Amino acid sequence: MGAVKVGILGLGTVGSGVAEILLKNKESINQRAGSRIELTKVLDKNLDREKVVDIPTGIMTDRSEEVLGNSEIDIIVELIGGVGPAKRFVEQALEAKKHVVTANKELIAKYGDELFALAAKQGVKLHFEASVGGGIPIIKSLQQSLTANRIEKVIGIVNGTTNYILTKMADEGAEFEEVLAEAQQKGYAEADPTSDIEGYDAAYKLTILSAIAFGRAISLDNIYREGITQITQEDITYAQELGYTIKLLGIAKRVNGEVEARVQPAMIPQDHSLAGVKDAFNAVLVKGDAVGELIYYGQGAGSLPTGSAVVADVIDITRNIDYQVTDLNEKRAYKAKTVKSHQELTSKYYIRLQVADKQKGLAVVSKILGDNDIRVSKVIGADQATKSVSLVFLTHSVIEKNLQRALKKIKERTAIKEVSNVIKIEA
(Lines give C-alpha, C1' and ligand atoms only; values in the text may rest on other atoms or scores of the structure.)
Protein backbone atom coordinates (compact mmCIF):
# COMPACT_ATOMS: atom_id res chain seq x y z
CA MET A 1 0.00 0.00 0.00
CA GLY A 2 1.22 3.49 -0.85
CA ALA A 3 1.40 6.14 1.88
CA VAL A 4 -0.93 9.13 2.06
CA LYS A 5 0.52 11.76 4.38
CA VAL A 6 -1.61 14.02 6.55
CA GLY A 7 -0.86 17.33 8.22
CA ILE A 8 -3.09 18.80 10.95
CA LEU A 9 -3.46 22.53 11.57
CA GLY A 10 -4.61 23.01 15.17
CA LEU A 11 -4.36 20.70 18.17
CA GLY A 12 -7.36 21.84 20.18
CA THR A 13 -10.29 19.66 21.16
CA VAL A 14 -11.05 18.35 17.67
CA GLY A 15 -7.43 18.25 16.51
CA SER A 16 -6.52 16.09 19.50
CA GLY A 17 -9.40 13.74 18.66
CA VAL A 18 -8.30 13.43 15.03
CA ALA A 19 -4.70 12.70 16.02
CA GLU A 20 -5.82 10.14 18.59
CA ILE A 21 -8.04 8.31 16.11
CA LEU A 22 -5.40 8.28 13.37
CA LEU A 23 -2.79 6.87 15.76
CA LYS A 24 -4.98 4.53 17.79
CA ASN A 25 -6.97 3.02 14.92
CA LYS A 26 -4.14 3.05 12.39
CA GLU A 27 -4.45 -0.59 11.35
CA SER A 28 -8.19 -0.62 10.70
CA ILE A 29 -8.08 2.81 9.05
CA ASN A 30 -5.40 1.67 6.62
CA GLN A 31 -7.39 -1.43 5.73
CA ARG A 32 -10.52 0.59 5.00
CA ALA A 33 -8.66 3.29 3.11
CA GLY A 34 -6.73 0.87 0.95
CA SER A 35 -3.58 2.88 1.60
CA ARG A 36 -1.29 3.63 4.50
CA ILE A 37 -2.31 6.94 6.12
CA GLU A 38 0.53 8.62 8.00
CA LEU A 39 0.20 11.53 10.41
CA THR A 40 3.19 13.57 9.29
CA LYS A 41 2.97 17.05 10.89
CA VAL A 42 0.79 18.73 13.51
CA LEU A 43 0.69 22.50 14.04
CA ASP A 44 0.13 23.76 17.58
CA LYS A 45 0.76 27.39 18.50
CA ASN A 46 1.74 26.37 22.05
CA LEU A 47 4.16 23.46 22.03
CA ASP A 48 4.77 23.69 25.79
CA ARG A 49 1.21 23.00 26.94
CA GLU A 50 0.25 19.56 28.16
CA LYS A 51 -1.17 17.39 25.37
CA VAL A 52 -4.14 15.07 25.81
CA VAL A 53 -2.78 12.74 23.12
CA ASP A 54 0.71 11.31 22.86
CA ILE A 55 2.10 12.41 19.49
CA PRO A 56 5.46 11.00 18.33
CA THR A 57 8.54 13.22 18.58
CA GLY A 58 9.30 15.19 15.44
CA ILE A 59 5.69 15.52 14.27
CA MET A 60 4.83 18.63 16.33
CA THR A 61 5.61 22.14 15.08
CA ASP A 62 4.57 25.71 15.82
CA ARG A 63 5.40 26.90 12.30
CA SER A 64 2.60 26.71 9.73
CA GLU A 65 5.04 26.60 6.81
CA GLU A 66 6.36 23.25 8.05
CA VAL A 67 2.90 21.82 7.37
CA LEU A 68 1.68 23.82 4.38
CA GLY A 69 5.10 23.89 2.72
CA ASN A 70 5.79 20.19 3.18
CA SER A 71 5.75 18.72 -0.33
CA GLU A 72 5.21 15.20 1.02
CA ILE A 73 1.88 16.02 2.68
CA ASP A 74 -1.15 15.05 0.58
CA ILE A 75 -4.04 16.09 2.88
CA ILE A 76 -4.26 19.15 5.11
CA VAL A 77 -6.73 18.98 8.00
CA GLU A 78 -7.75 22.51 9.10
CA LEU A 79 -9.02 22.62 12.69
CA ILE A 80 -8.11 26.16 13.72
CA GLY A 81 -11.61 27.59 13.39
CA GLY A 82 -12.74 31.10 12.51
CA VAL A 83 -11.95 32.81 9.22
CA GLY A 84 -8.71 34.67 9.98
CA PRO A 85 -5.66 32.51 9.39
CA ALA A 86 -7.86 29.48 8.64
CA LYS A 87 -9.04 30.84 5.28
CA ARG A 88 -5.52 31.83 4.29
CA PHE A 89 -4.15 28.41 5.25
CA VAL A 90 -6.87 26.55 3.34
CA GLU A 91 -6.24 28.67 0.26
CA GLN A 92 -2.50 28.02 0.50
CA ALA A 93 -3.12 24.29 0.77
CA LEU A 94 -5.47 24.22 -2.22
CA GLU A 95 -3.11 26.37 -4.30
CA ALA A 96 -0.38 23.83 -3.53
CA LYS A 97 -2.70 21.09 -4.85
CA LYS A 98 -3.21 19.52 -1.46
CA HIS A 99 -6.58 18.06 -0.51
CA VAL A 100 -8.26 19.73 2.47
CA VAL A 101 -10.53 18.47 5.23
CA THR A 102 -12.09 21.01 7.58
CA ALA A 103 -14.56 21.15 10.46
CA ASN A 104 -14.87 24.91 10.10
CA LYS A 105 -18.57 25.76 9.67
CA GLU A 106 -18.03 29.53 9.62
CA LEU A 107 -15.42 29.23 6.88
CA ILE A 108 -17.61 26.99 4.69
CA ALA A 109 -20.75 29.07 5.33
CA LYS A 110 -19.06 32.35 4.38
CA TYR A 111 -16.52 31.30 1.75
CA GLY A 112 -17.53 27.80 0.65
CA ASP A 113 -18.32 28.69 -2.97
CA GLU A 114 -15.01 30.49 -3.38
CA LEU A 115 -13.03 27.62 -1.85
CA PHE A 116 -14.88 24.90 -3.80
CA ALA A 117 -14.11 26.78 -7.01
CA LEU A 118 -10.42 26.95 -6.09
CA ALA A 119 -10.35 23.24 -5.22
CA ALA A 120 -11.95 22.38 -8.56
CA LYS A 121 -9.48 24.59 -10.42
CA GLN A 122 -6.55 22.85 -8.72
CA GLY A 123 -8.01 19.37 -9.16
CA VAL A 124 -8.17 18.60 -5.44
CA LYS A 125 -10.89 17.89 -2.91
CA LEU A 126 -12.36 19.93 -0.07
CA HIS A 127 -14.36 17.90 2.44
CA PHE A 128 -16.30 19.29 5.40
CA GLU A 129 -18.46 16.56 7.00
CA ALA A 130 -17.53 17.62 10.54
CA SER A 131 -18.69 21.22 9.98
CA VAL A 132 -22.29 20.26 10.85
CA GLY A 133 -23.47 17.83 13.50
CA GLY A 134 -20.12 16.63 14.86
CA GLY A 135 -20.09 12.87 14.37
CA ILE A 136 -23.48 12.74 12.62
CA PRO A 137 -22.97 11.86 8.93
CA ILE A 138 -25.51 14.40 7.66
CA ILE A 139 -23.37 15.97 4.90
CA LYS A 140 -22.58 12.71 3.11
CA SER A 141 -26.18 11.59 3.50
CA LEU A 142 -27.41 14.69 1.68
CA GLN A 143 -24.60 14.54 -0.89
CA GLN A 144 -24.82 10.83 -1.65
CA SER A 145 -27.53 8.68 -0.06
CA LEU A 146 -30.41 11.09 -0.72
CA THR A 147 -29.46 12.34 -4.19
CA ALA A 148 -32.44 10.54 -5.74
CA ASN A 149 -34.75 12.75 -3.68
CA ARG A 150 -36.04 16.26 -4.01
CA ILE A 151 -35.38 17.55 -0.50
CA GLU A 152 -38.44 19.39 0.80
CA LYS A 153 -37.17 20.51 4.19
CA VAL A 154 -34.30 20.30 6.65
CA ILE A 155 -35.00 21.07 10.31
CA GLY A 156 -32.30 20.65 12.90
CA ILE A 157 -31.12 21.05 16.45
CA VAL A 158 -27.55 21.78 15.41
CA ASN A 159 -26.11 23.60 18.41
CA GLY A 160 -25.35 21.53 21.49
CA THR A 161 -24.80 24.47 23.83
CA THR A 162 -28.27 25.94 23.39
CA ASN A 163 -29.89 22.51 23.50
CA TYR A 164 -28.12 21.79 26.78
CA ILE A 165 -29.33 25.10 28.24
CA LEU A 166 -32.94 24.65 27.13
CA THR A 167 -32.96 21.04 28.37
CA LYS A 168 -31.77 22.07 31.84
CA MET A 169 -34.28 24.92 31.98
CA ALA A 170 -37.10 22.53 31.10
CA ASP A 171 -36.06 19.57 33.27
CA GLU A 172 -34.77 21.41 36.35
CA GLY A 173 -36.70 24.68 36.36
CA ALA A 174 -33.48 26.69 36.24
CA GLU A 175 -33.12 30.18 34.79
CA PHE A 176 -31.14 30.95 31.64
CA GLU A 177 -28.18 32.75 33.26
CA GLU A 178 -27.78 30.00 35.85
CA VAL A 179 -27.64 27.21 33.26
CA LEU A 180 -25.35 29.21 30.96
CA ALA A 181 -22.83 29.58 33.81
CA GLU A 182 -23.04 25.82 34.44
CA ALA A 183 -22.55 25.10 30.71
CA GLN A 184 -19.44 27.30 30.69
CA GLN A 185 -18.07 25.54 33.76
CA LYS A 186 -18.55 22.13 32.12
CA GLY A 187 -17.01 23.25 28.83
CA TYR A 188 -20.25 23.10 26.82
CA ALA A 189 -20.19 26.88 26.32
CA GLU A 190 -17.31 29.22 25.51
CA ALA A 191 -16.22 32.05 27.78
CA ASP A 192 -17.85 34.28 25.15
CA PRO A 193 -20.99 32.29 24.29
CA THR A 194 -22.36 34.81 21.77
CA SER A 195 -21.99 32.61 18.68
CA ASP A 196 -24.00 29.84 20.31
CA ILE A 197 -26.71 31.60 22.30
CA GLU A 198 -27.40 34.26 19.64
CA GLY A 199 -27.82 31.65 16.90
CA TYR A 200 -24.78 32.47 14.73
CA ASP A 201 -23.32 28.96 15.00
CA ALA A 202 -26.64 27.40 13.99
CA ALA A 203 -26.97 29.87 11.09
CA TYR A 204 -23.55 28.84 9.72
CA LYS A 205 -24.63 25.21 9.79
CA LEU A 206 -28.03 25.90 8.25
CA THR A 207 -26.33 27.76 5.39
CA ILE A 208 -24.26 24.65 4.64
CA LEU A 209 -27.18 22.22 4.92
CA SER A 210 -29.42 24.41 2.75
CA ALA A 211 -26.83 24.71 -0.03
CA ILE A 212 -26.46 20.94 -0.25
CA ALA A 213 -30.14 20.09 0.24
CA PHE A 214 -31.44 22.54 -2.36
CA GLY A 215 -28.44 22.65 -4.69
CA ARG A 216 -28.11 26.40 -4.43
CA ALA A 217 -26.00 28.71 -2.32
CA ILE A 218 -27.83 30.73 0.31
CA SER A 219 -26.27 33.90 1.64
CA LEU A 220 -25.75 33.90 5.38
CA ASP A 221 -27.15 37.44 5.40
CA ASN A 222 -30.49 36.12 4.12
CA ILE A 223 -31.04 33.71 6.99
CA TYR A 224 -33.29 35.19 9.68
CA ARG A 225 -31.68 34.64 13.07
CA GLU A 226 -32.77 34.81 16.71
CA GLY A 227 -31.02 33.42 19.77
CA ILE A 228 -32.33 32.05 23.05
CA THR A 229 -31.42 34.87 25.44
CA GLN A 230 -35.05 36.01 25.73
CA ILE A 231 -36.36 32.57 26.75
CA THR A 232 -37.38 32.61 30.42
CA GLN A 233 -38.56 29.98 32.84
CA GLU A 234 -42.05 31.45 32.46
CA ASP A 235 -41.98 30.65 28.73
CA ILE A 236 -40.71 27.14 29.44
CA THR A 237 -43.55 26.56 31.94
CA TYR A 238 -46.23 27.84 29.58
CA ALA A 239 -44.83 25.68 26.78
CA GLN A 240 -45.04 22.58 28.95
CA GLU A 241 -48.61 23.40 30.00
CA LEU A 242 -49.55 23.76 26.35
CA GLY A 243 -47.90 20.47 25.36
CA TYR A 244 -44.82 21.99 23.72
CA THR A 245 -41.04 21.92 24.10
CA ILE A 246 -38.83 24.90 23.20
CA LYS A 247 -35.82 24.21 20.96
CA LEU A 248 -33.45 26.41 18.96
CA LEU A 249 -34.11 25.21 15.41
CA GLY A 250 -32.46 25.75 12.08
CA ILE A 251 -35.29 25.53 9.54
CA ALA A 252 -34.98 25.41 5.75
CA LYS A 253 -37.96 24.60 3.51
CA ARG A 254 -38.96 24.86 -0.12
CA VAL A 255 -41.80 27.37 -0.46
CA ASN A 256 -43.25 27.87 -3.96
CA GLY A 257 -39.90 27.97 -5.72
CA GLU A 258 -38.20 29.90 -2.93
CA VAL A 259 -36.48 28.80 0.26
CA GLU A 260 -37.58 29.65 3.77
CA ALA A 261 -34.47 29.80 5.97
CA ARG A 262 -34.45 30.82 9.61
CA VAL A 263 -32.79 30.11 12.93
CA GLN A 264 -34.91 30.82 15.98
CA PRO A 265 -36.37 29.35 19.16
CA ALA A 266 -39.53 27.43 18.40
CA MET A 267 -42.19 25.56 20.31
CA ILE A 268 -42.63 22.04 18.97
CA PRO A 269 -45.21 19.47 20.14
CA GLN A 270 -43.89 17.14 22.83
CA ASP A 271 -44.45 14.18 20.50
CA HIS A 272 -42.43 15.81 17.70
CA SER A 273 -39.44 13.80 16.43
CA LEU A 274 -37.01 16.47 17.73
CA ALA A 275 -38.66 17.12 21.10
CA GLY A 276 -36.83 14.31 22.90
CA VAL A 277 -33.36 15.43 21.80
CA LYS A 278 -31.76 16.49 25.06
CA ASP A 279 -28.59 17.95 26.52
CA ALA A 280 -25.73 18.59 24.07
CA PHE A 281 -26.99 16.15 21.44
CA ASN A 282 -27.86 17.23 17.89
CA ALA A 283 -30.49 15.94 15.49
CA VAL A 284 -31.46 16.80 11.93
CA LEU A 285 -34.79 15.95 10.33
CA VAL A 286 -34.71 15.65 6.54
CA LYS A 287 -37.78 15.18 4.36
CA GLY A 288 -37.31 13.88 0.82
CA ASP A 289 -40.11 13.43 -1.69
CA ALA A 290 -39.29 9.73 -2.16
CA VAL A 291 -37.90 8.62 1.18
CA GLY A 292 -40.14 10.67 3.48
CA GLU A 293 -38.82 11.87 6.83
CA LEU A 294 -35.48 10.73 8.24
CA ILE A 295 -33.86 11.63 11.55
CA TYR A 296 -30.09 11.87 12.02
CA TYR A 297 -29.17 11.91 15.72
CA GLY A 298 -25.97 11.87 17.72
CA GLN A 299 -23.28 13.84 19.51
CA GLY A 300 -22.94 17.17 17.77
CA ALA A 301 -19.57 18.13 19.21
CA GLY A 302 -16.63 16.82 21.19
CA SER A 303 -13.14 15.58 20.51
CA LEU A 304 -13.78 12.03 19.32
CA PRO A 305 -17.25 12.36 17.71
CA THR A 306 -16.14 15.31 15.57
CA GLY A 307 -12.73 13.74 15.05
CA SER A 308 -14.49 10.65 13.72
CA ALA A 309 -16.17 12.69 10.98
CA VAL A 310 -12.87 14.37 10.07
CA VAL A 311 -11.03 11.07 9.78
CA ALA A 312 -13.88 9.64 7.68
CA ASP A 313 -13.28 12.50 5.21
CA VAL A 314 -9.55 11.73 5.20
CA ILE A 315 -10.29 8.08 4.43
CA ASP A 316 -12.76 9.04 1.69
CA ILE A 317 -10.22 11.27 -0.03
CA THR A 318 -7.53 8.61 0.32
CA ARG A 319 -9.72 5.98 -1.34
CA ASN A 320 -10.33 8.22 -4.32
CA ILE A 321 -6.94 9.87 -4.83
CA ASP A 322 -5.79 7.31 -7.38
CA TYR A 323 -9.10 7.33 -9.23
CA GLN A 324 -9.61 11.12 -9.46
CA VAL A 325 -13.24 10.74 -8.39
CA THR A 326 -15.12 14.04 -8.40
CA ASP A 327 -17.22 14.80 -5.33
CA LEU A 328 -20.77 16.00 -5.70
CA ASN A 329 -20.04 19.57 -4.62
CA GLU A 330 -16.81 19.99 -6.53
CA LYS A 331 -16.96 21.78 -9.86
CA ARG A 332 -20.56 22.75 -9.13
CA ALA A 333 -21.37 26.29 -10.23
CA TYR A 334 -23.62 27.31 -7.38
CA LYS A 335 -26.28 29.85 -8.24
CA ALA A 336 -27.85 31.87 -5.49
CA LYS A 337 -31.24 30.59 -4.37
CA THR A 338 -33.96 33.13 -3.75
CA VAL A 339 -34.68 33.22 -0.03
CA LYS A 340 -38.22 34.14 0.93
CA SER A 341 -38.34 37.41 2.88
CA HIS A 342 -38.83 36.87 6.60
CA GLN A 343 -41.66 39.41 6.49
CA GLU A 344 -43.59 37.14 4.10
CA LEU A 345 -43.23 33.93 6.11
CA THR A 346 -46.25 32.43 7.82
CA SER A 347 -46.33 30.65 11.16
CA LYS A 348 -48.32 30.16 14.32
CA TYR A 349 -47.03 32.15 17.30
CA TYR A 350 -47.02 32.28 21.09
CA ILE A 351 -47.25 35.87 22.37
CA ARG A 352 -46.73 36.68 26.07
CA LEU A 353 -47.58 40.15 27.38
CA GLN A 354 -47.73 41.96 30.70
CA VAL A 355 -50.87 44.06 31.10
CA ALA A 356 -51.85 46.55 33.79
CA ASP A 357 -55.46 45.39 33.78
CA LYS A 358 -56.41 42.00 32.38
CA GLN A 359 -59.82 43.00 31.00
CA LYS A 360 -58.59 46.17 29.32
CA GLY A 361 -55.46 44.41 28.11
CA LEU A 362 -57.46 41.52 26.69
CA ALA A 363 -59.80 43.87 24.86
CA VAL A 364 -56.99 46.00 23.44
CA VAL A 365 -54.87 43.11 22.24
CA SER A 366 -57.79 41.15 20.80
CA LYS A 367 -58.94 44.15 18.75
CA ILE A 368 -55.47 44.97 17.39
CA LEU A 369 -54.83 41.34 16.45
CA GLY A 370 -58.21 41.13 14.71
CA ASP A 371 -57.59 44.38 12.82
CA ASN A 372 -54.39 42.85 11.43
CA ASP A 373 -55.98 39.59 10.24
CA ILE A 374 -54.55 37.57 13.13
CA ARG A 375 -56.85 34.89 14.47
CA VAL A 376 -56.36 33.70 18.05
CA SER A 377 -56.67 30.01 18.91
CA LYS A 378 -56.14 30.24 22.68
CA VAL A 379 -55.76 32.79 25.48
CA ILE A 380 -54.21 32.02 28.89
CA GLY A 381 -54.39 34.27 31.93
CA ALA A 382 -57.66 36.07 31.32
CA ASP A 383 -59.33 34.33 34.27
CA GLN A 384 -56.66 35.18 36.85
CA ALA A 385 -57.76 37.18 39.87
CA THR A 386 -55.00 39.78 39.91
CA LYS A 387 -55.31 42.93 37.84
CA SER A 388 -51.66 43.04 36.66
CA VAL A 389 -51.15 39.77 34.87
CA SER A 390 -49.39 37.91 32.08
CA LEU A 391 -51.57 37.21 29.08
CA VAL A 392 -50.58 34.52 26.58
CA PHE A 393 -52.08 34.42 23.10
CA LEU A 394 -51.65 31.52 20.69
CA THR A 395 -52.36 32.48 17.09
CA HIS A 396 -53.35 30.60 14.00
CA SER A 397 -50.95 30.93 11.04
CA VAL A 398 -50.12 34.57 10.46
CA ILE A 399 -48.01 36.45 7.94
CA GLU A 400 -44.95 37.83 9.72
CA LYS A 401 -45.42 41.42 8.53
CA ASN A 402 -48.97 41.43 9.91
CA LEU A 403 -47.73 40.15 13.25
CA GLN A 404 -44.98 42.78 13.46
CA ARG A 405 -47.41 45.54 12.54
CA ALA A 406 -49.80 44.39 15.27
CA LEU A 407 -47.05 44.10 17.87
CA LYS A 408 -45.91 47.63 17.13
CA LYS A 409 -49.41 48.95 17.80
CA ILE A 410 -49.79 46.81 20.93
CA LYS A 411 -46.57 48.23 22.39
CA GLU A 412 -47.91 51.76 21.92
CA ARG A 413 -50.98 51.19 24.10
CA THR A 414 -50.81 52.26 27.74
CA ALA A 415 -52.82 49.23 28.83
CA ILE A 416 -49.85 47.06 27.86
CA LYS A 417 -46.84 47.07 30.19
CA GLU A 418 -44.66 45.07 27.82
CA VAL A 419 -44.57 42.44 25.10
CA SER A 420 -42.49 39.94 27.03
CA ASN A 421 -41.85 37.36 24.33
CA VAL A 422 -42.91 36.12 20.92
CA ILE A 423 -42.02 32.53 19.96
CA LYS A 424 -42.66 30.67 16.72
CA ILE A 425 -44.73 27.47 16.91
CA GLU A 426 -43.41 24.78 14.55
CA ALA A 427 -45.95 21.98 14.06
# chains A, B, ... in the order shown; residues from 1 in each chain; ligands from 1
$ residues_around --residues "range 270-282 of chain A" --least-positions-apart "6" --cutoff "6 Å" --atoms "only C-alpha atoms" --output "VMD selection string"
chain A and resid 157 to 158 160 to 161 163 to 164 167 243 to 245 297 to 300
$ residues_around --residues "Val291 in chain A" --least-positions-apart "6" --cutoff "10 Å" --atoms "only C-alpha atoms" --output "list of chain:residue names"
A:Leu146, A:Ala148, A:Asn149, A:Arg150, A:Ile151
$ atom_distance --atom1 "CA of Tyr204 in chain A" --atom2 "CA of Ala130 in chain A"
12.8 Å
$ closest_residue --among "A:Glu106, A:Asp44, A:Asp54, A:Asp357" --to "Ile21 in chain A" --atoms "only C-alpha atoms"
A:Asp54
$ select_by_dssp --residues "range 229-353 of chain A" --states "strand (DSSP E or B)" --output "PyMOL selection string"
chain A and resi 244-255+258-269+281-288+292-299+336+339+346-353
$ residues_around --residues "Ile374 in chain A" --least-positions-apart "5" --cutoff "7 Å" --atoms "only C-alpha atoms" --output "NGL selection string"
:A and (369 or 395 or 398)
$ closest_residue --among "A:Arg216, A:Lys253, A:Arg352, A:Arg319" --to "Asn421 in chain A" --atoms "only C-alpha atoms"
A:Arg352
$ select_by_dssp --residues "range 63-199 of chain A" --states "helix (DSSP H, G or I)" --output "ChimeraX atom specification"
/A:65-68,85-95,105-122,129-131,138-145,160-172,176-186,194-197
$ closest_residue --among "A:Ile218, A:Met169, A:Ala356, A:Val392" --to "Tyr238 in chain A" --atoms "only C-alpha atoms"
A:Val392
$ closest_residue --among "A:Arg413, A:Lys153, A:Lys340, A:Arg405" --to "Lys287 in chain A" --atoms "only C-alpha atoms"
A:Lys153
$ closest_atom_pairs --of "range 202-320 of chain A" --to "range 28-42 of chain A" --cutoff "9 Å" --atoms "only C-alpha atoms" --output "tab-separated table"
residue	atom	partner	partner_atom	distance
A:Val311	CA	A:Ile29	CA	8.8
A:Val314	CA	A:Ile37	CA	8.7
A:Ile315	CA	A:Ala33	CA	5.2
A:Asp316	CA	A:Ala33	CA	7.2
A:Ile317	CA	A:Ala33	CA	8.7
A:Thr318	CA	A:Ala33	CA	6.1
A:Arg319	CA	A:Ala33	CA	5.3
$ residues_around --residues "Phe128 in chain A" --least-positions-apart "6" --cutoff "10 Å" --atoms "only C-alpha atoms" --output "tab-separated table (two decimals) with all heavy atoms, in the first residue's frame"
chain	number	residue	atom	x	y	z
A	77	VAL	N	-5.53	18.96	7.16
A	77	VAL	CA	-6.73	18.98	8.00
A	77	VAL	C	-6.74	20.29	8.78
A	77	VAL	O	-5.88	20.51	9.65
A	77	VAL	CB	-6.76	17.78	8.96
A	77	VAL	CG1	-7.99	17.86	9.87
A	77	VAL	CG2	-6.77	16.47	8.18
A	78	GLU	N	-7.68	21.18	8.45
A	78	GLU	CA	-7.75	22.51	9.10
A	78	GLU	C	-8.73	22.46	10.26
A	78	GLU	O	-9.92	22.27	10.07
A	78	GLU	CB	-8.18	23.55	8.07
A	78	GLU	CG	-8.23	24.98	8.61
A	78	GLU	CD	-9.49	25.30	9.39
A	78	GLU	OE1	-10.59	25.12	8.84
A	78	GLU	OE2	-9.36	25.74	10.56
A	100	VAL	N	-7.99	19.10	1.18
A	100	VAL	CA	-8.26	19.73	2.47
A	100	VAL	C	-9.50	19.11	3.11
A	100	VAL	O	-10.52	18.89	2.44
A	100	VAL	CB	-8.46	21.25	2.32
A	100	VAL	CG1	-8.91	21.88	3.64
A	100	VAL	CG2	-7.18	21.92	1.82
A	101	VAL	N	-9.39	18.86	4.41
A	101	VAL	CA	-10.53	18.47	5.23
A	101	VAL	C	-10.67	19.52	6.33
A	101	VAL	O	-9.67	19.91	6.94
A	101	VAL	CB	-10.34	17.07	5.86
A	101	VAL	CG1	-11.48	16.76	6.83
A	101	VAL	CG2	-10.25	16.01	4.78
A	102	THR	N	-11.89	19.99	6.56
A	102	THR	CA	-12.09	21.01	7.58
A	102	THR	C	-13.36	20.73	8.38
A	102	THR	O	-14.30	20.12	7.87
A	102	THR	CB	-12.17	22.43	6.96
A	102	THR	OG1	-12.35	23.39	8.02
A	102	THR	CG2	-13.34	22.54	5.99
A	103	ALA	N	-13.37	21.19	9.63
A	103	ALA	CA	-14.56	21.15	10.46
A	103	ALA	C	-15.10	22.56	10.69
A	103	ALA	O	-15.93	22.78	11.57
A	103	ALA	CB	-14.23	20.49	11.80
A	104	ASN	N	-14.65	23.49	9.87
A	104	ASN	CA	-14.87	24.91	10.10
A	104	ASN	C	-16.17	25.39	9.45
A	104	ASN	O	-16.20	25.78	8.28
A	104	ASN	CB	-13.67	25.69	9.54
A	104	ASN	CG	-13.64	27.12	10.00
A	104	ASN	OD1	-14.67	27.73	10.26
A	104	ASN	ND2	-12.43	27.66	10.10
A	105	LYS	N	-17.26	25.39	10.23
A	105	LYS	CA	-18.57	25.76	9.67
A	105	LYS	C	-18.64	27.22	9.25
A	105	LYS	O	-19.25	27.57	8.24
A	105	LYS	CB	-19.70	25.45	10.65
A	105	LYS	CG	-19.72	26.25	11.95
A	105	LYS	CD	-19.01	25.51	13.05
A	105	LYS	CE	-19.08	26.24	14.39
A	105	LYS	NZ	-18.39	25.48	15.45
A	108	ILE	N	-16.84	27.56	5.80
A	108	ILE	CA	-17.61	26.99	4.69
A	108	ILE	C	-18.87	27.82	4.43
A	108	ILE	O	-19.24	28.06	3.27
A	108	ILE	CB	-17.98	25.53	4.97
A	108	ILE	CG1	-16.71	24.67	5.07
A	108	ILE	CG2	-18.90	24.98	3.90
A	108	ILE	CD1	-15.89	24.62	3.81
A	112	GLY	N	-17.51	29.11	1.26
A	112	GLY	CA	-17.53	27.80	0.65
A	112	GLY	C	-17.47	27.81	-0.86
A	112	GLY	O	-16.66	27.11	-1.47
A	139	ILE	N	-23.83	15.41	6.17
A	139	ILE	CA	-23.37	15.97	4.90
A	139	ILE	C	-23.33	14.90	3.82
A	139	ILE	O	-23.89	15.07	2.73
A	139	ILE	CB	-21.97	16.62	5.05
A	139	ILE	CG1	-22.00	17.74	6.11
A	139	ILE	CG2	-21.49	17.16	3.70
A	139	ILE	CD1	-22.87	18.91	5.77
A	140	LYS	N	-22.67	13.78	4.11
A	140	LYS	CA	-22.58	12.71	3.11
A	140	LYS	C	-23.94	12.13	2.79
A	140	LYS	O	-24.19	11.70	1.66
A	140	LYS	CB	-21.63	11.62	3.59
A	140	LYS	CG	-20.16	11.96	3.41
A	140	LYS	CD	-19.27	10.77	3.69
A	140	LYS	CE	-17.81	11.11	3.40
A	140	LYS	NZ	-17.28	12.13	4.30
A	208	ILE	N	-24.91	25.80	5.28
A	208	ILE	CA	-24.26	24.65	4.64
A	208	ILE	C	-25.30	23.59	4.25
A	208	ILE	O	-25.32	23.10	3.12
A	208	ILE	CB	-23.19	24.06	5.57
A	208	ILE	CG1	-22.06	25.07	5.81
A	208	ILE	CG2	-22.64	22.76	5.00
A	208	ILE	CD1	-21.12	24.70	6.93
A	309	ALA	N	-15.69	12.18	12.27
A	309	ALA	CA	-16.17	12.69	10.98
A	309	ALA	C	-15.01	13.21	10.14
A	309	ALA	O	-14.98	13.04	8.92
A	309	ALA	CB	-17.20	13.79	11.21
A	310	VAL	N	-14.04	13.86	10.79
A	310	VAL	CA	-12.87	14.37	10.07
A	310	VAL	C	-12.08	13.23	9.46
A	310	VAL	O	-11.70	13.25	8.28
A	310	VAL	CB	-11.98	15.21	11.01
A	310	VAL	CG1	-10.66	15.56	10.33
A	310	VAL	CG2	-12.69	16.49	11.44
A	313	ASP	N	-13.57	11.71	6.42
A	313	ASP	CA	-13.28	12.50	5.21
A	313	ASP	C	-11.88	12.20	4.69
A	313	ASP	O	-11.66	12.11	3.48
A	313	ASP	CB	-13.41	14.00	5.51
A	313	ASP	CG	-14.83	14.50	5.37
A	313	ASP	OD1	-15.67	13.79	4.80
A	313	ASP	OD2	-15.10	15.63	5.82
$ atom_distance --atom1 "CA of Ser308 in chain A" --atom2 "CA of Thr162 in chain A"
22.7 Å
